[in-house]
file protein08.cif (mmCIF, C-alpha atoms)
data_protein
#
loop_
_atom_site.label_atom_id
_atom_site.label_comp_id
_atom_site.auth_asym_id
_atom_site.auth_seq_id
_atom_site.Cartn_x
_atom_site.Cartn_y
_atom_site.Cartn_z
CA MET Z 1 -42.06 83.33 -123.27
CA ILE Z 2 -38.83 84.81 -121.90
CA THR Z 3 -37.18 81.38 -122.03
CA PHE Z 4 -38.33 80.81 -125.61
CA THR Z 5 -37.17 84.27 -126.75
CA SER Z 6 -33.77 83.84 -125.12
CA VAL Z 7 -33.25 80.39 -126.64
CA PHE Z 8 -34.41 81.58 -130.08
CA VAL Z 9 -32.06 84.58 -130.09
CA ILE Z 10 -29.07 82.50 -129.00
CA LEU Z 11 -29.70 79.75 -131.57
CA PHE Z 12 -30.45 82.29 -134.29
CA PHE Z 13 -27.15 84.02 -133.63
CA ILE Z 14 -25.29 80.68 -133.76
CA PHE Z 15 -26.86 79.76 -137.11
CA VAL Z 16 -26.13 83.23 -138.52
CA LEU Z 17 -22.48 82.71 -137.62
CA GLN Z 18 -22.66 79.42 -139.51
CA GLY Z 19 -24.04 81.34 -142.50
CA ILE Z 20 -21.12 83.75 -142.32
CA TRP Z 21 -18.79 80.76 -142.42
CA LEU Z 22 -20.64 79.32 -145.43
CA PHE Z 23 -20.33 82.53 -147.43
CA ILE Z 24 -16.95 83.70 -146.15
CA ALA Z 25 -15.41 82.99 -149.56
CA GLU Z 26 -17.88 85.38 -151.19
CA LEU Z 27 -17.54 88.12 -148.57
CA ALA Z 28 -13.86 88.13 -147.71
CA GLY Z 29 -11.46 90.12 -149.86
CA LYS Z 30 -14.16 91.50 -152.18
CA ASP Z 31 -13.92 95.17 -151.09
CA LEU Z 32 -17.59 95.16 -150.05
CA ASP Z 33 -18.84 97.94 -147.78
CA PHE Z 34 -20.31 97.15 -144.37
CA PHE Z 35 -23.88 97.99 -145.45
CA THR Z 36 -23.72 95.49 -148.34
CA ILE Z 37 -22.48 92.74 -146.01
CA ILE Z 38 -25.34 93.47 -143.56
CA LYS Z 39 -27.86 93.27 -146.43
CA PHE Z 40 -26.24 90.03 -147.58
CA LEU Z 41 -26.66 88.41 -144.15
CA SER Z 42 -30.13 89.88 -143.50
CA PHE Z 43 -31.44 88.31 -146.73
CA TYR Z 44 -29.85 85.01 -145.73
CA ALA Z 45 -31.12 85.09 -142.12
CA PRO Z 46 -34.81 84.20 -142.83
CA THR Z 47 -33.75 80.91 -144.42
CA ILE Z 48 -32.46 79.59 -141.09
CA VAL Z 49 -35.73 80.20 -139.22
CA PRO Z 50 -37.18 76.78 -140.23
CA LEU Z 51 -34.25 75.19 -138.39
CA VAL Z 52 -34.10 77.52 -135.39
CA LEU Z 53 -37.81 77.77 -134.59
CA PRO Z 54 -38.63 74.06 -133.93
CA LEU Z 55 -35.40 73.61 -131.98
CA SER Z 56 -36.21 76.68 -129.87
CA VAL Z 57 -39.71 75.36 -129.12
CA LEU Z 58 -38.30 71.97 -128.16
CA LEU Z 59 -35.55 73.29 -125.89
CA ALA Z 60 -37.73 75.97 -124.25
CA SER Z 61 -40.56 73.49 -123.51
CA ILE Z 62 -38.15 70.95 -121.97
CA MET Z 63 -36.51 73.64 -119.82
CA THR Z 64 -39.82 75.17 -118.69
CA PHE Z 65 -41.70 71.98 -117.81
CA GLY Z 66 -38.54 70.37 -116.45
CA SER Z 67 -38.15 73.32 -114.09
CA PHE Z 68 -41.80 73.02 -113.02
CA ALA Z 69 -41.37 69.33 -112.21
CA GLU Z 70 -38.00 69.85 -110.53
CA ASN Z 71 -39.45 72.51 -108.20
CA TYR Z 72 -42.56 70.39 -107.44
CA GLU Z 73 -44.84 72.98 -109.06
CA PHE Z 74 -46.62 70.22 -110.97
CA ALA Z 75 -47.26 68.42 -107.69
CA ALA Z 76 -48.86 71.58 -106.33
CA MET Z 77 -50.96 71.94 -109.51
CA LYS Z 78 -52.18 68.36 -109.33
CA SER Z 79 -53.05 68.69 -105.64
CA SER Z 80 -55.17 71.69 -106.66
CA GLY Z 81 -56.91 69.64 -109.34
CA ILE Z 82 -55.00 71.09 -112.32
CA SER Z 83 -53.99 68.34 -114.75
CA LEU Z 84 -51.04 68.44 -117.14
CA GLN Z 85 -53.38 68.95 -120.11
CA ARG Z 86 -54.90 72.00 -118.42
CA ALA Z 87 -51.44 73.35 -117.60
CA MET Z 88 -50.46 72.96 -121.25
CA LYS Z 89 -53.70 74.42 -122.66
CA MET Z 90 -52.67 78.07 -123.05
CA LEU Z 91 -49.20 77.15 -124.21
CA THR Z 92 -50.72 74.81 -126.79
CA ILE Z 93 -52.85 77.68 -128.12
CA THR Z 94 -49.78 79.92 -128.18
CA ILE Z 95 -47.73 77.33 -130.07
CA GLY Z 96 -50.66 76.86 -132.47
CA ILE Z 97 -50.62 80.58 -133.25
CA LEU Z 98 -46.83 80.39 -133.63
CA SER Z 99 -47.28 77.53 -136.12
CA LEU Z 100 -49.64 79.65 -138.24
CA VAL Z 101 -47.17 82.53 -138.15
CA SER Z 102 -44.34 80.19 -139.15
CA PHE Z 103 -46.37 78.97 -142.15
CA PHE Z 104 -47.00 82.56 -143.24
CA PHE Z 105 -43.32 83.29 -142.74
CA ALA Z 106 -42.23 80.26 -144.79
CA ASN Z 107 -44.76 80.99 -147.54
CA ASN Z 108 -44.19 84.72 -147.93
CA VAL Z 109 -41.11 86.09 -146.15
CA ILE Z 110 -38.57 83.37 -147.02
CA PRO Z 111 -39.33 83.33 -150.80
CA ASP Z 112 -39.03 87.12 -150.91
CA ALA Z 113 -35.75 86.98 -148.97
CA GLN Z 114 -34.42 84.31 -151.34
CA TYR Z 115 -35.31 86.44 -154.35
CA LYS Z 116 -33.57 89.51 -152.91
CA PHE Z 117 -30.58 87.40 -151.87
CA ILE Z 118 -30.07 86.09 -155.41
CA ASN Z 119 -30.46 89.55 -156.92
CA LEU Z 120 -27.97 90.99 -154.44
CA ARG Z 121 -25.40 88.31 -155.37
CA LYS Z 122 -26.06 88.98 -159.06
CA THR Z 123 -25.66 92.73 -158.55
CA ILE Z 124 -22.39 92.28 -156.69
CA VAL Z 125 -21.06 90.00 -159.43
CA GLN Z 126 -22.09 92.46 -162.16
CA GLN Z 127 -20.48 95.40 -160.36
CA LYS Z 128 -17.42 93.34 -159.43
CA PRO Z 129 -17.20 90.57 -162.06
CA ALA Z 130 -14.09 89.03 -160.52
CA MET Z 131 -16.11 88.18 -157.39
CA ALA Z 132 -17.42 85.17 -159.29
CA ILE Z 133 -13.88 83.78 -159.46
CA ALA Z 134 -11.72 83.49 -156.35
CA GLU Z 135 -7.96 83.61 -156.78
CA GLY Z 136 -5.88 80.43 -156.52
CA GLN Z 137 -8.70 77.89 -156.44
CA PHE Z 138 -11.19 76.21 -158.76
CA ASN Z 139 -14.58 77.95 -158.90
CA SER Z 140 -17.63 76.06 -160.13
CA ILE Z 141 -19.83 78.19 -162.40
CA GLY Z 142 -22.48 76.38 -164.41
CA THR Z 143 -20.81 73.56 -166.33
CA SER Z 144 -17.30 74.96 -165.90
CA ASN Z 145 -14.58 75.04 -163.26
CA ILE Z 146 -12.31 78.09 -163.47
CA LYS Z 147 -9.02 78.74 -161.72
CA VAL Z 148 -6.85 81.87 -161.98
CA GLY Z 149 -3.35 82.37 -160.66
CA LYS Z 150 -3.61 86.11 -160.05
CA LYS Z 151 -6.11 88.94 -160.39
CA SER Z 152 -5.39 92.64 -160.84
CA GLY Z 153 -7.16 95.87 -161.78
CA ASP Z 154 -9.61 98.06 -159.85
CA ASN Z 155 -12.27 95.34 -159.82
CA GLY Z 156 -9.95 92.36 -160.29
CA GLN Z 157 -11.02 92.01 -163.91
CA PHE Z 158 -7.53 91.27 -165.28
CA LEU Z 159 -6.63 87.60 -164.88
CA GLU Z 160 -3.37 85.70 -165.23
CA ASP Z 161 -2.68 81.98 -165.65
CA VAL Z 162 -6.27 80.91 -166.38
CA THR Z 163 -7.32 77.24 -166.36
CA MET Z 164 -10.83 76.07 -167.27
CA HIS Z 165 -12.40 72.60 -167.08
CA VAL Z 166 -15.66 72.37 -169.04
CA LYS Z 167 -17.84 69.41 -168.10
CA ASN Z 168 -19.84 67.27 -170.47
CA ASN Z 169 -23.32 66.55 -169.09
CA ASN Z 170 -24.12 63.88 -171.67
CA MET Z 171 -24.26 60.37 -170.21
CA GLY Z 172 -21.88 61.25 -167.37
CA LEU Z 173 -18.74 61.37 -169.50
CA GLY Z 174 -17.12 63.91 -167.19
CA ALA Z 175 -14.77 66.78 -168.07
CA ASN Z 176 -14.06 66.76 -171.78
CA THR Z 177 -12.55 70.20 -172.43
CA ILE Z 178 -9.56 71.92 -170.86
CA ILE Z 179 -8.63 75.51 -171.70
CA LYS Z 180 -5.38 77.15 -170.55
CA ALA Z 181 -4.51 80.78 -171.20
CA LYS Z 182 -1.77 83.15 -170.10
CA ARG Z 183 -4.16 86.02 -169.39
CA GLY Z 184 -7.81 86.99 -169.51
CA ILE Z 185 -10.25 89.86 -168.98
CA LEU Z 186 -13.65 89.73 -167.25
CA THR Z 187 -16.33 92.18 -168.40
CA SER Z 188 -20.03 92.58 -167.60
CA GLU Z 189 -22.94 94.93 -168.33
CA ASP Z 190 -25.52 96.04 -165.76
CA ASP Z 191 -28.50 94.78 -167.77
CA SER Z 192 -26.92 91.49 -168.81
CA ASN Z 193 -27.18 88.03 -167.25
CA TYR Z 194 -23.78 87.05 -168.60
CA LEU Z 195 -20.14 87.59 -167.77
CA GLN Z 196 -17.83 87.77 -170.75
CA LEU Z 197 -14.42 86.15 -170.32
CA GLU Z 198 -11.81 87.00 -172.96
CA LEU Z 199 -8.79 84.68 -172.96
CA TYR Z 200 -5.50 85.41 -174.73
CA ASP Z 201 -2.51 83.27 -175.80
CA GLY Z 202 -3.66 79.82 -174.82
CA TYR Z 203 -4.39 76.20 -175.75
CA TYR Z 204 -7.62 74.26 -176.13
CA TYR Z 205 -7.76 70.51 -175.36
CA GLU Z 206 -10.93 68.57 -176.14
CA ASP Z 207 -11.66 64.90 -175.51
CA ILE Z 208 -13.15 62.94 -178.39
CA HIS Z 209 -15.64 60.16 -177.69
CA PRO Z 210 -15.86 57.81 -180.70
CA LYS Z 211 -18.92 55.66 -181.20
CA LYS Z 212 -16.86 52.48 -181.23
CA PHE Z 213 -15.82 51.23 -177.80
CA GLU Z 214 -12.45 49.95 -179.05
CA GLU Z 215 -11.45 53.43 -180.20
CA ARG Z 216 -12.39 54.98 -176.85
CA LYS Z 217 -9.62 53.00 -175.14
CA ARG Z 218 -7.07 55.08 -177.07
CA LEU Z 219 -8.39 58.24 -175.34
CA PRO Z 220 -8.22 60.46 -178.43
CA PHE Z 221 -8.28 64.24 -178.07
CA ALA Z 222 -7.99 67.38 -180.19
CA LYS Z 223 -5.59 70.24 -179.44
CA SER Z 224 -5.50 73.75 -180.85
CA SER Z 225 -4.02 77.11 -179.93
CA PHE Z 226 -5.61 80.55 -179.98
CA LYS Z 227 -4.67 84.19 -179.70
CA LYS Z 228 -8.10 85.23 -178.43
CA TYR Z 229 -11.01 83.14 -177.17
CA VAL Z 230 -14.30 84.60 -175.85
CA ILE Z 231 -16.56 82.72 -173.39
CA ASN Z 232 -19.94 83.85 -172.02
CA ILE Z 233 -20.70 82.76 -168.44
CA ASP Z 234 -24.34 82.59 -167.37
CA LEU Z 235 -24.78 84.37 -164.01
CA THR Z 236 -27.96 82.46 -163.22
CA LYS Z 237 -25.83 79.32 -162.83
CA LEU Z 238 -24.23 80.91 -159.77
CA ASN Z 239 -27.34 80.40 -157.69
CA GLN Z 240 -28.64 76.95 -158.52
CA ALA Z 241 -28.61 74.49 -155.59
CA GLU Z 242 -29.88 74.30 -152.08
CA ILE Z 243 -29.48 76.76 -149.27
CA ASP Z 244 -28.72 73.89 -146.88
CA ASP Z 245 -25.59 73.26 -148.94
CA GLY Z 246 -24.73 76.93 -149.15
CA ASN Z 247 -26.64 77.57 -152.35
CA ILE Z 248 -30.20 78.28 -153.48
CA THR Z 249 -32.85 76.56 -155.56
CA SER Z 250 -35.42 78.49 -157.58
CA GLU Z 251 -38.41 76.67 -156.07
CA LYS Z 252 -37.59 78.21 -152.68
CA MET Z 253 -38.40 81.63 -154.14
CA LEU Z 254 -42.07 80.72 -154.77
CA THR Z 255 -45.18 80.74 -152.61
CA ALA Z 256 -47.46 77.70 -152.32
CA LEU Z 257 -49.85 78.95 -155.02
CA GLU Z 258 -46.99 79.80 -157.36
CA LEU Z 259 -45.43 76.40 -156.75
CA LYS Z 260 -48.72 74.64 -157.56
CA TYR Z 261 -49.04 76.56 -160.82
CA THR Z 262 -45.41 75.82 -161.71
CA ILE Z 263 -45.83 72.10 -160.95
CA ASP Z 264 -48.82 71.89 -163.30
CA SER Z 265 -46.76 73.44 -166.09
CA LEU Z 266 -43.74 71.21 -165.41
CA GLN Z 267 -45.89 68.07 -165.29
CA LYS Z 268 -47.61 68.90 -168.59
CA ASN Z 269 -44.23 69.54 -170.19
CA TYR Z 270 -42.92 66.25 -168.78
CA ASN Z 271 -45.87 64.30 -170.19
CA ARG Z 272 -45.39 65.91 -173.59
CA GLU Z 273 -41.70 64.99 -173.54
CA ILE Z 274 -42.52 61.31 -172.88
CA ILE Z 275 -45.12 61.18 -175.68
CA SER Z 276 -42.79 62.98 -178.08
CA PHE Z 277 -39.88 60.65 -177.30
CA THR Z 278 -42.07 57.54 -177.77
CA ASP Z 279 -43.47 58.82 -181.05
CA ASN Z 280 -39.99 59.65 -182.34
CA ILE Z 281 -38.72 56.13 -181.63
CA ILE Z 282 -41.72 54.52 -183.35
CA GLN Z 283 -41.55 56.90 -186.31
CA ARG Z 284 -37.83 56.31 -186.69
CA ASN Z 285 -38.31 52.55 -186.90
CA ASP Z 286 -41.19 52.89 -189.36
CA ASN Z 287 -39.17 55.17 -191.65
CA LEU Z 288 -36.24 52.76 -191.67
CA LEU Z 289 -38.49 49.87 -192.63
CA ARG Z 290 -40.32 51.83 -195.30
CA ASN Z 291 -37.53 53.88 -196.88
CA LYS Z 292 -34.29 51.90 -196.49
CA ILE Z 293 -35.40 48.28 -196.93
CA ASN Z 294 -36.89 47.13 -200.24
CA ILE Z 295 -38.79 44.02 -199.28
CA ASN Z 296 -39.22 41.37 -201.96
CA LYS Z 297 -42.73 41.14 -203.28
CA ASN Z 298 -42.73 37.40 -202.61
CA TYR Z 299 -42.22 37.86 -198.86
CA SER Z 300 -45.79 36.69 -198.21
CA LYS Z 301 -44.88 33.24 -199.48
CA HIS Z 302 -42.21 32.83 -196.84
CA PRO Z 303 -43.64 34.28 -193.61
CA ASP Z 304 -41.49 32.01 -191.41
CA ASP Z 305 -38.19 32.79 -193.13
CA LEU Z 306 -38.43 36.44 -194.13
CA PHE Z 307 -34.69 37.14 -193.96
CA GLU Z 308 -33.87 34.43 -196.56
CA ILE Z 309 -35.79 36.15 -199.36
CA PHE Z 310 -33.12 38.90 -199.55
CA SER Z 311 -29.90 38.73 -201.52
CA GLN Z 312 -26.53 38.57 -199.76
CA GLY Z 313 -25.91 42.28 -200.34
CA ASP Z 314 -29.33 43.20 -198.96
CA LYS Z 315 -28.71 41.00 -195.90
CA ILE Z 316 -25.48 42.85 -195.12
CA GLN Z 317 -27.21 46.18 -195.62
CA ILE Z 318 -30.10 45.18 -193.34
CA ILE Z 319 -27.71 43.98 -190.60
CA GLU Z 320 -25.68 47.20 -190.75
CA MET Z 321 -28.80 49.35 -190.64
CA ALA Z 322 -30.14 47.28 -187.73
CA LYS Z 323 -26.87 47.76 -185.79
CA ASN Z 324 -26.84 51.50 -186.47
CA ASN Z 325 -30.50 51.72 -185.57
CA VAL Z 326 -29.98 49.93 -182.25
CA SER Z 327 -26.95 52.12 -181.43
CA GLY Z 328 -28.88 55.27 -182.26
CA ILE Z 329 -31.90 54.21 -180.23
CA GLU Z 330 -29.68 53.24 -177.27
CA TYR Z 331 -27.94 56.63 -177.32
CA SER Z 332 -31.29 58.42 -177.65
CA ILE Z 333 -32.74 56.43 -174.74
CA GLN Z 334 -29.75 57.20 -172.50
CA SER Z 335 -29.84 60.91 -173.33
CA ASN Z 336 -33.58 61.19 -172.83
CA LYS Z 337 -33.39 59.12 -169.64
CA ILE Z 338 -30.98 61.63 -168.08
CA GLU Z 339 -33.13 64.53 -169.24
CA LEU Z 340 -36.35 62.98 -167.92
CA GLU Z 341 -34.67 62.13 -164.59
CA ASN Z 342 -33.63 65.78 -164.21
CA LYS Z 343 -37.17 66.92 -165.00
CA THR Z 344 -38.58 64.44 -162.48
CA LYS Z 345 -36.15 65.66 -159.82
CA ASN Z 346 -37.18 69.25 -160.56
CA ILE Z 347 -40.87 68.39 -160.16
CA ASN Z 348 -40.18 66.52 -156.92
CA ASN Z 349 -38.23 69.49 -155.57
CA HIS Z 350 -41.23 71.74 -156.19
CA TRP Z 351 -43.55 69.31 -154.40
CA LEU Z 352 -41.11 69.11 -151.50
CA ALA Z 353 -41.02 72.90 -151.31
CA ILE Z 354 -44.82 72.97 -150.94
CA HIS Z 355 -44.93 70.30 -148.24
CA GLU Z 356 -42.04 71.83 -146.30
CA LYS Z 357 -44.06 75.01 -145.73
CA PHE Z 358 -46.63 72.92 -143.84
CA VAL Z 359 -43.98 70.73 -142.18
CA ILE Z 360 -42.43 73.85 -140.60
CA ALA Z 361 -45.76 74.74 -138.98
CA TYR Z 362 -46.45 71.17 -137.82
CA SER Z 363 -42.93 70.69 -136.47
CA CYS Z 364 -43.48 73.51 -133.95
CA LEU Z 365 -46.50 71.69 -132.50
CA LEU Z 366 -44.67 68.37 -132.66
CA MET Z 367 -41.62 69.65 -130.79
CA PHE Z 368 -43.82 71.19 -128.11
CA PHE Z 369 -45.68 67.91 -127.49
CA ILE Z 370 -42.32 66.14 -127.28
CA GLY Z 371 -40.53 68.71 -125.15
CA ALA Z 372 -43.26 69.56 -122.62
CA PRO Z 373 -44.05 65.99 -121.45
CA LEU Z 374 -40.38 65.03 -121.66
CA GLY Z 375 -39.47 67.91 -119.34
CA ALA Z 376 -42.19 66.84 -116.91
CA ILE Z 377 -40.86 63.27 -116.93
CA ILE Z 378 -37.11 63.94 -116.54
CA ARG Z 379 -37.77 66.71 -113.94
CA LYS Z 380 -34.68 68.66 -114.89
CA GLY Z 381 -34.66 72.34 -115.84
CA GLY Z 382 -31.83 74.69 -116.72
CA LEU Z 383 -29.30 74.21 -119.51
CA GLY Z 384 -27.83 70.82 -118.64
CA LEU Z 385 -29.79 67.68 -119.40
CA PRO Z 386 -32.53 69.51 -121.41
CA ILE Z 387 -29.95 70.64 -123.97
CA VAL Z 388 -28.68 67.07 -124.38
CA PHE Z 389 -32.21 65.73 -124.97
CA ALA Z 390 -33.13 68.62 -127.26
CA ILE Z 391 -30.04 68.18 -129.44
CA LEU Z 392 -30.48 64.40 -129.71
CA ILE Z 393 -34.17 64.69 -130.63
CA PHE Z 394 -33.67 67.51 -133.10
CA ILE Z 395 -30.68 65.86 -134.80
CA THR Z 396 -32.77 62.70 -135.21
CA PHE Z 397 -35.66 64.73 -136.64
CA HIS Z 398 -33.40 66.71 -138.97
CA PHE Z 399 -31.53 63.59 -140.15
CA ILE Z 400 -34.75 61.74 -141.01
CA ASN Z 401 -36.09 64.86 -142.71
CA THR Z 402 -32.94 65.25 -144.82
CA PHE Z 403 -32.89 61.55 -145.67
CA GLY Z 404 -36.54 61.62 -146.73
CA ARG Z 405 -35.95 64.67 -148.91
CA LYS Z 406 -32.95 63.14 -150.68
CA VAL Z 407 -34.79 59.88 -151.35
CA ALA Z 408 -37.86 61.74 -152.62
CA GLN Z 409 -35.73 63.84 -154.96
CA GLN Z 410 -34.56 60.67 -156.68
CA ASP Z 411 -38.21 59.61 -157.11
CA THR Z 412 -37.70 56.53 -154.91
CA ILE Z 413 -40.61 57.53 -152.67
CA PRO Z 414 -43.41 60.09 -153.19
CA PRO Z 415 -42.49 63.69 -152.26
CA PHE Z 416 -45.31 63.74 -149.68
CA LEU Z 417 -43.77 60.81 -147.81
CA GLY Z 418 -40.26 62.26 -148.10
CA ALA Z 419 -41.30 65.63 -146.67
CA TRP Z 420 -43.44 64.20 -143.85
CA MET Z 421 -41.30 61.14 -143.01
CA ALA Z 422 -39.69 62.68 -139.92
CA SER Z 423 -43.02 64.03 -138.64
CA MET Z 424 -44.73 60.66 -139.16
CA LEU Z 425 -42.03 58.83 -137.24
CA MET Z 426 -41.81 61.35 -134.39
CA THR Z 427 -45.56 61.84 -133.86
CA PRO Z 428 -46.06 58.45 -132.11
CA PHE Z 429 -43.14 59.35 -129.85
CA ALA Z 430 -44.88 62.61 -128.90
CA ILE Z 431 -48.16 60.77 -128.21
CA ILE Z 432 -46.42 58.20 -125.99
CA LEU Z 433 -44.58 60.88 -124.01
CA THR Z 434 -47.76 62.92 -123.52
CA TYR Z 435 -49.65 59.83 -122.34
CA ARG Z 436 -46.94 58.81 -119.87
CA ALA Z 437 -46.50 62.31 -118.51
CA THR Z 438 -50.27 62.73 -118.06
CA ASN Z 439 -50.52 59.46 -116.14
CA ASP Z 440 -47.33 60.01 -114.10
CA ILE Z 441 -45.56 57.11 -115.77
CA GLY Z 442 -41.83 57.60 -115.94
CA ILE Z 443 -39.42 56.37 -118.61
CA MET Z 444 -36.27 54.30 -118.20
CA ILE Z 445 -33.19 56.12 -119.54
#

call {"tool": "encode", "arguments": {"input": "protein08.cif", "output": "C-alpha cells"}}
result
Amino acid sequence: MITFTSVFVILFFIFVLQGIWLFIAELAGKDLDFFTIIKFLSFYAPTIVPLVLPLSVLLASIMTFGSFAENYEFAAMKSSGISLQRAMKMLTITIGILSLVSFFFANNVIPDAQYKFINLRKTIVQQKPAMAIAEGQFNSIGTSNIKVGKKSGDNGQFLEDVTMHVKNNNMGLGANTIIKAKRGILTSEDDSNYLQLELYDGYYYEDIHPKKFEERKRLPFAKSSFKKYVINIDLTKLNQAEIDDGNITSEKMLTALELKYTIDSLQKNYNREIISFTDNIIQRNDNLLRNKININKNYSKHPDDLFEIFSQGDKIQIIEMAKNNVSGIEYSIQSNKIELENKTKNINNHWLAIHEKFVIAYSCLLMFFIGAPLGAIIRKGGLGLPIVFAILIFITFHFINTFGRKVAQQDTIPPFLGAWMASMLMTPFAIILTYRATNDIGIMI
C-alpha cells in the first residue's frame, strides 16, 4: 500500500505539471489571484486520475512482486505451501475494491469537476473578457480565429490591430471571411453567454463561391469598409473538445444514467433527420414532375420514347430543370451528409463516455494481473527495470485505447469495440503471464 501510494502521488504530481503546461496560456499574464489558479488546477486534477490510477497499479505491482521474487520471499512462500494465487488473493480483493471506487469516481466526481471547471473558465472570461484572446497570436473561438496586436485597459478590453478569420463549415470550403480593424472593444455581461466585440475603422473581405465550377477558378470576393462592426462571440464554444487535447467535451460532464438518456434523445433526433431528409428529396422530385413539366396527354402512346413527345422548347426546359435539380440534390446531400456525420460522431462520443467509465475500473484489475506475475517472473524490484516495463506496457495500452477511440468516433467500428479494444488485446497477455508465473515458467526477453 505504501508503494502504491508513493507511486500514485509522484505520477499524479507529474501529470498535474503537464496540466499546468497545457493551460499556461490561459493562466499566465491574466492577473489571476493565487486562489483562482488553485481552483482552476483542482477542478482539472480529477480528469487525470483515469490515466494515473492504472499506471500506478501496474508499476506498484511490478515493484512489489519483483522485490518478493528478488529476495526469494516467493521461494519461502512456496516451500511453506503458499501458492502465487494465494499470495495475490488479498491484493486482488483490494484492487477489486479500488476498481469499484474508480468507477464511482469516474461516474460522479469527474463529471462534477468538469462542470465546475467549465463554469470557472466561463466566469473568468466574463470577468476578464480579454482572457479569451491572447495578445500577438491567433485564438480559436468557435468558428473564428482572432488575433490582436495589443491590448490595454484595466481588463485588457481595448484592442488594437484586430484580425479575424471566420471559417465556413459548409462542405469544407475553409476560411471565407477576413475582417481587419484598427481598434476594438470587448464587453461582456455577467448573465450572458456571449462576448460582444465592437470593431472600428476596418475592412471586410468575403470569399464568394459561385455555383459554376468555371467561375470558382477566378476566386471572386467582396470587399467593404466599415466605421463600426459588432460581433457576438459564443462563450460556450470556448470549451468544446477533449480534455486529452487540452479541452473539454460536454459528454464528460454526464453520469452513466444521464448519458444513456441523452443518447436516446440524440438517436431519436438522428432517425428523424434521416426520415425528414429522405422525404424532402422525394417530395422535391414529385413537385418538379407535377408542377413544372406539362406532360403531353398522348404520352401513353409512346411509353418507350417519352422524351420525343415534347416540343424543342419543352425539351430544353426539361434538361435545364433536370440539371438544376441534380445540382440542388447534390448540394443538399453533401450538406446533410456533413451534418449527419457530426451527429453520428456526437452519439459515438456519448457511447464512448459510458464505456470508458467501466474501462477505467477494469483497467485497474487488468494492470494488476499484468504487473504482479510480470514482477514475479523478472525478479527485479526497485525503480529500474520495473519502470521500463511499466512504461512500455502502459504506452501500448494507452496507444491502442486512443486509436480505438478515434476510429470509433468516425463510426468505422462500434463504440463498444473502440472503448474496449485495448482491454481485449491486453487481457490474453495478462492470462498468459499469470499462468506462466503460477507454474514457474519464465519468459525470454

call {"tool": "atom_distance", "arguments": {"input": "protein08.cif", "atom1": "atom CA of Cys364 of chain Z", "atom2": "atom CA of Lys406 of chain Z"}}
result
22.3 Å

call {"tool": "atom_distance", "arguments": {"input": "protein08.cif", "atom1": "atom CA of Phe369 of chain Z", "atom2": "atom CA of Thr94 of chain Z"}}
result
12.7 Å

call {"tool": "resolve_selection", "arguments": {"input": "protein08.cif", "expression": "the PyMOL selection byres ((chain Z and resi 267-277) around 12)", "output": "PyMOL selection string"}}
result
chain Z and resi 259-266+278-284+329+332-337+339-348+350-351

call {"tool": "residues_around", "arguments": {"input": "protein08.cif", "residues": "segment 95-111 of chain Z", "least_positions_apart": "5", "cutoff": "8 Å", "atoms": "all atoms listed in the file", "output": "MDAnalysis selection string"}}
result
chainID Z and resid 46:47 50 252:256 357:358 360:362 364:365 368

call {"tool": "write_last_selection", "arguments": {"input": "protein08.cif", "atoms": "C-alpha atoms", "output": "short mmCIF file (atom, residue, chain, number, x, y, z; two decimals), in the frame of the given file"}}
result
data_model
loop_
_atom_site.label_atom_id
_atom_site.label_comp_id
_atom_site.auth_asym_id
_atom_site.auth_seq_id
_atom_site.Cartn_x
_atom_site.Cartn_y
_atom_site.Cartn_z
CA PRO Z 46 -34.81 84.20 -142.83
CA THR Z 47 -33.75 80.91 -144.42
CA PRO Z 50 -37.18 76.78 -140.23
CA LYS Z 252 -37.59 78.21 -152.68
CA MET Z 253 -38.40 81.63 -154.14
CA LEU Z 254 -42.07 80.72 -154.77
CA THR Z 255 -45.18 80.74 -152.61
CA ALA Z 256 -47.46 77.70 -152.32
CA LYS Z 357 -44.06 75.01 -145.73
CA PHE Z 358 -46.63 72.92 -143.84
CA ILE Z 360 -42.43 73.85 -140.60
CA ALA Z 361 -45.76 74.74 -138.98
CA TYR Z 362 -46.45 71.17 -137.82
CA CYS Z 364 -43.48 73.51 -133.95
CA LEU Z 365 -46.50 71.69 -132.50
CA PHE Z 368 -43.82 71.19 -128.11
#

call {"tool": "closest_residue", "arguments": {"input": "protein08.cif", "among": "Z:Gln137, Z:Asn145, Z:Gln114, Z:Gln157", "to": "Ser42 of chain Z", "atoms": "all atoms listed in the file"}}
result
Z:Gln114

call {"tool": "residues_near_point", "arguments": {"input": "protein08.cif", "point": "(-3.4, 77.5, -169.0)", "cutoff": "7 Å", "atoms": "all atoms listed in the file", "output": "list in words"}}
result
Asp161, Val162, Thr163, Ile179, Lys180, Ala181, Lys182, Gly202 and Tyr203 of chain Z
